[in-house]
Amino acid sequence: MQYPTAVQTSLSANAIFACFDPSGRFIATAQHQGSALVWDMDTKNAIRWLEGHVKPLTSMDWSRNSKYLLTTSKDWNAIIWDIENAAEVDPCQRKRTIRFDAPIVSGSFHPKNCKIILILLSTGEAFIVDLRKSHAGRFELYDQHEGDDHRPAAFTVARFDPTGKYVFVGTSNGSILVFHSRAKTLLARHRVAGAGIMRGFAFTKGGRRLTTNSSDRVLRLFYLPTYPPPPGPSSTPLPTRPSTPNPQAVNQVQLEPPVLEQELEPVHRFNDPITKTAWHTMSYSPDGDWLAGGAADPANHKIYMWDIQHNGQFVTTLDGGREPLVHVDWHPSKPMIASTTSQGTVLVWHHPNPERWGAFAGGFEEVDENAVYEEREDEFDIEDESELEQRKKIEEEQLVDIDTLDDSPNPVSTGGAAPAPPHQLHARLQALSNSRPNSRLGTPAPAPGTPIGQALGGTGVAGTPGINGEVDEDTAWALDEPDDDLPGWTLKVVVEATPEY
């Protein structure tokens, strides 16, 4: 994948930041007065108006299939918006409002279930809010050991990793804390030398690489280690801070796990050695090969590009004019970036593809001027005329049987054999599994009663045994009481009518 090089279009959205949805079809923009807009990237028009906050927004996050949008604000509220049903409600319908005791810095959905939300408050506290009936509660994440000797550091950034298994929290003293999402326990504490205050995290899609933004104006790229699993349930509960857990959530009682103490050494450091500029945000390309850094330059709109596959080499700087940059977000599947200016304009960058006429014909050659070309009579004929004439004569001499009826269940017009019944498909699968190794690590051939989609390698019910009979407890926990954010839903486009004068 290439990186964007030019501005394709701009949106006059009066935005303070913007983010693409997971499909890339829409982009959400946050505004100063507390509202948000959802834009259609095909028509470049606003199709949803979200009005529910009374103070500026601080963060937005899409659910995995773009049905819901989470907005947080300085008015102490987090609102979940139903984007699908918004066409029948004006303004957009609220699915749920969650209120806290302090302004909210950021909020994000769990990658596998939008009923699980991670919230960071301006007081330096982080909470996992579980909206499921059997797990309902508001669970605080904190570093208990840090408070034994001195006052604990405030949390400044909190993010789920792409798998949803861990929560990464940055602190004001330059540390990275890793919590287990299901157990709500601290697994690791990483020191980053000279980092200062942590201000932002960016993950690749796989979750193995993490880039941090800190107050020392350096972006650091880390390869994350493998973390131990949390301990099992025990009768000895951990000391917990006041929260509002559901009494049915018995699985929250855990043994105190050993904390991995490790100082992370960055693989690459990215900074501007000349101007020593700070960074607002950074964003990875979908394949993780490129890193875009939005510079906090007070007089220019600059996006720095680094090539991760070639030792983090600096590639270029994208210049967006004189309006300073405040936010950067990469498209989930294309070489496209949305950058927000301080004046509220969203610039959409893309990678223009030059026209290559040689791709339309194998022997095409570009010439400086037209050349006279004489076409042969049979040059572009599909078949030679003499062979075609000979074939017609042979077909005319063949006898046609007009007396015998064809009792075949499959008409000739279908152009193929009738579909095999399910028992024949299972027999073929059985023969295939016996003839060559199974591509799914030696899983047994399906039984005759197994659904065809599942027999061919599809996944079954969430939390059931997977490869080699293993059960992923974290996935089963996340998909317990699944949400209704299912793929395939249709968005009803609503465009604001132009007033008549």
# chains A, B, ... in the order shown; residues from 1 in each chain; ligands from 1

call {"tool": "residues_around", "arguments": {"residues": "Pro225 of chain A", "least_positions_apart": "5", "cutoff": "12 Å", "atoms": "only C-alpha atoms", "output": "MDAnalysis selection string"}}
result
chainID A and resid 178 187:190 207:210 260:265

call {"tool": "residues_around", "arguments": {"residues": "Trp349 of chain A", "least_positions_apart": "3", "cutoff": "8 Å", "atoms": "only C-alpha atoms", "output": "list in words"}}
result
Pro4, Thr5, Ala6, Val7, Gln8, Thr9, Met336, Ile337, Ala338 and Ser339 of chain A

call {"tool": "residues_around", "arguments": {"residues": "Ser59 of chain A", "least_positions_apart": "5", "cutoff": "7 Å", "atoms": "only C-alpha atoms", "output": "VMD selection string"}}
result
chain A and resid 71 to 72 106 to 107

call {"tool": "atom_distance", "arguments": {"atom1": "atom CA of Asp272 of chain A", "atom2": "atom CA of Phe168 of chain A"}}
result
26.2 Å

call {"tool": "select_by_dssp", "arguments": {"residues": "segment 105-350 of chain A", "states": "alpha helix (DSSP H)", "output": "PyMOL selection string"}}
result
chain A and resi 146-149

call {"tool": "residues_around", "arguments": {"residues": "segment 279-291 of chain A", "least_positions_apart": "2", "cutoff": "6 Å", "atoms": "only C-alpha atoms", "output": "list in words"}}
result
Thr204, Gly293, Gly294, Ala295, Ala296, Met305, Trp306, Asp307, Ile308, Gln309, His327, Asp329, Trp330, Pro332 and Ser333 of chain A

call {"tool": "closest_residue", "arguments": {"among": "A:Ala371, A:Leu325, A:Ala158, A:Cys114", "to": "Leu479 of chain A", "atoms": "only C-alpha atoms"}}
result
A:Cys114

call {"tool": "residues_around", "arguments": {"residues": "segment 81-83 of chain A", "least_positions_apart": "5", "cutoff": "6 Å", "atoms": "only C-alpha atoms", "output": "list in words"}}
result
Lys67, Tyr68, Leu69, Gln93, Arg94 and Lys95 of chain A

call {"tool": "closest_residue", "arguments": {"among": "A:Thr156, A:Asn173, A:Gly137, A:Phe179", "to": "Thr123 of chain A", "atoms": "only C-alpha atoms"}}
result
A:Thr156

call {"tool": "closest_residue", "arguments": {"among": "A:Arg138, A:Arg182, A:Phe270, A:Val54", "to": "His110 of chain A", "atoms": "only C-alpha atoms"}}
result
A:Arg182

call {"tool": "decode", "arguments": {"residues": "segment 320-335 of chain A", "atoms": "all heavy atoms", "output": "short mmCIF file (atom, residue, chain, number, x, y, z; two decimals), in the first residue's frame"}}
result
data_model
loop_
_atom_site.label_atom_id
_atom_site.label_comp_id
_atom_site.auth_asym_id
_atom_site.auth_seq_id
_atom_site.Cartn_x
_atom_site.Cartn_y
_atom_site.Cartn_z
N GLY A 320 -0.14 20.91 4.18
CA GLY A 320 -1.54 21.24 3.98
C GLY A 320 -1.86 22.71 4.08
O GLY A 320 -3.03 23.07 4.22
N GLY A 321 -0.87 23.55 4.01
CA GLY A 321 -1.12 24.99 4.04
C GLY A 321 -0.76 25.62 5.36
O GLY A 321 0.01 25.09 6.15
N ARG A 322 -1.38 26.78 5.60
CA ARG A 322 -1.03 27.60 6.76
C ARG A 322 -1.91 27.35 7.97
O ARG A 322 -1.59 27.83 9.06
CB ARG A 322 -1.13 29.09 6.38
CG ARG A 322 0.00 29.56 5.48
CD ARG A 322 1.32 29.45 6.20
NE ARG A 322 2.44 29.99 5.43
CZ ARG A 322 3.69 30.02 5.86
NH1 ARG A 322 3.98 29.48 7.04
NH2 ARG A 322 4.65 30.51 5.11
N GLU A 323 -2.99 26.65 7.80
CA GLU A 323 -3.85 26.37 8.95
C GLU A 323 -3.25 25.23 9.76
O GLU A 323 -3.09 24.12 9.24
CB GLU A 323 -5.27 26.02 8.50
CG GLU A 323 -6.00 27.16 7.80
CD GLU A 323 -7.42 26.78 7.45
OE1 GLU A 323 -7.86 25.68 7.84
OE2 GLU A 323 -8.09 27.58 6.78
N PRO A 324 -2.92 25.45 11.03
CA PRO A 324 -2.26 24.40 11.83
C PRO A 324 -3.10 23.14 11.93
O PRO A 324 -4.32 23.17 11.89
CB PRO A 324 -2.09 25.07 13.20
CG PRO A 324 -2.12 26.54 12.92
CD PRO A 324 -3.05 26.72 11.77
N LEU A 325 -2.40 22.03 12.06
CA LEU A 325 -3.04 20.71 12.17
C LEU A 325 -3.35 20.41 13.63
O LEU A 325 -2.58 20.74 14.54
CB LEU A 325 -2.12 19.65 11.58
CG LEU A 325 -2.58 18.19 11.61
CD1 LEU A 325 -2.08 17.46 10.37
CD2 LEU A 325 -2.06 17.47 12.86
N VAL A 326 -4.50 19.73 13.86
CA VAL A 326 -4.88 19.34 15.22
C VAL A 326 -5.14 17.85 15.35
O VAL A 326 -5.13 17.32 16.46
CB VAL A 326 -6.10 20.14 15.71
CG1 VAL A 326 -5.77 21.61 15.84
CG2 VAL A 326 -7.30 19.94 14.78
N HIS A 327 -5.41 17.15 14.21
CA HIS A 327 -5.73 15.72 14.33
C HIS A 327 -5.49 15.03 13.00
O HIS A 327 -5.62 15.64 11.93
CB HIS A 327 -7.18 15.53 14.75
CG HIS A 327 -7.52 14.12 15.12
ND1 HIS A 327 -8.09 13.22 14.22
CD2 HIS A 327 -7.37 13.43 16.28
CE1 HIS A 327 -8.27 12.07 14.82
NE2 HIS A 327 -7.85 12.16 16.06
N VAL A 328 -5.13 13.72 13.08
CA VAL A 328 -4.87 12.90 11.89
C VAL A 328 -5.51 11.53 12.11
O VAL A 328 -5.41 10.96 13.21
CB VAL A 328 -3.36 12.74 11.63
CG1 VAL A 328 -3.10 11.65 10.62
CG2 VAL A 328 -2.76 14.04 11.14
N ASP A 329 -6.16 11.01 11.06
CA ASP A 329 -6.74 9.67 11.13
C ASP A 329 -6.60 9.01 9.76
O ASP A 329 -6.92 9.63 8.74
CB ASP A 329 -8.20 9.72 11.55
CG ASP A 329 -8.77 8.33 11.80
OD1 ASP A 329 -8.19 7.59 12.60
OD2 ASP A 329 -9.79 7.99 11.19
N TRP A 330 -6.12 7.75 9.74
CA TRP A 330 -5.91 7.01 8.50
C TRP A 330 -7.14 6.18 8.16
O TRP A 330 -7.79 5.61 9.05
CB TRP A 330 -4.69 6.11 8.62
CG TRP A 330 -4.06 5.74 7.30
CD1 TRP A 330 -4.66 5.13 6.26
CD2 TRP A 330 -2.71 5.99 6.88
NE1 TRP A 330 -3.78 4.96 5.21
CE2 TRP A 330 -2.57 5.47 5.57
CE3 TRP A 330 -1.61 6.57 7.48
CZ2 TRP A 330 -1.38 5.53 4.86
CZ3 TRP A 330 -0.42 6.62 6.78
CH2 TRP A 330 -0.31 6.12 5.48
N HIS A 331 -7.46 6.11 6.86
CA HIS A 331 -8.57 5.30 6.38
C HIS A 331 -8.33 3.83 6.71
O HIS A 331 -7.19 3.35 6.67
CB HIS A 331 -8.72 5.48 4.86
CG HIS A 331 -9.98 4.94 4.29
ND1 HIS A 331 -10.14 3.59 4.01
CD2 HIS A 331 -11.14 5.54 3.93
CE1 HIS A 331 -11.33 3.40 3.50
NE2 HIS A 331 -11.97 4.55 3.44
N PRO A 332 -9.37 3.06 7.06
CA PRO A 332 -9.16 1.66 7.48
C PRO A 332 -8.72 0.72 6.38
O PRO A 332 -8.24 -0.39 6.69
CB PRO A 332 -10.54 1.24 8.03
CG PRO A 332 -11.50 2.16 7.37
CD PRO A 332 -10.78 3.46 7.19
N SER A 333 -8.85 1.09 5.09
CA SER A 333 -8.46 0.15 4.04
C SER A 333 -7.80 0.80 2.84
O SER A 333 -7.35 0.08 1.95
CB SER A 333 -9.70 -0.63 3.56
OG SER A 333 -10.69 0.25 3.05
N LYS A 334 -7.71 2.11 2.76
CA LYS A 334 -7.17 2.79 1.59
C LYS A 334 -6.01 3.70 1.97
O LYS A 334 -5.88 4.09 3.13
CB LYS A 334 -8.27 3.62 0.90
CG LYS A 334 -9.42 2.82 0.36
CD LYS A 334 -10.45 3.74 -0.29
CE LYS A 334 -11.64 2.98 -0.83
NZ LYS A 334 -12.65 3.88 -1.43
N PRO A 335 -5.19 4.09 0.99
CA PRO A 335 -4.16 5.10 1.26
C PRO A 335 -4.79 6.49 1.32
O PRO A 335 -4.62 7.32 0.42
CB PRO A 335 -3.20 4.94 0.07
CG PRO A 335 -4.04 4.39 -1.03
CD PRO A 335 -5.07 3.53 -0.38
#
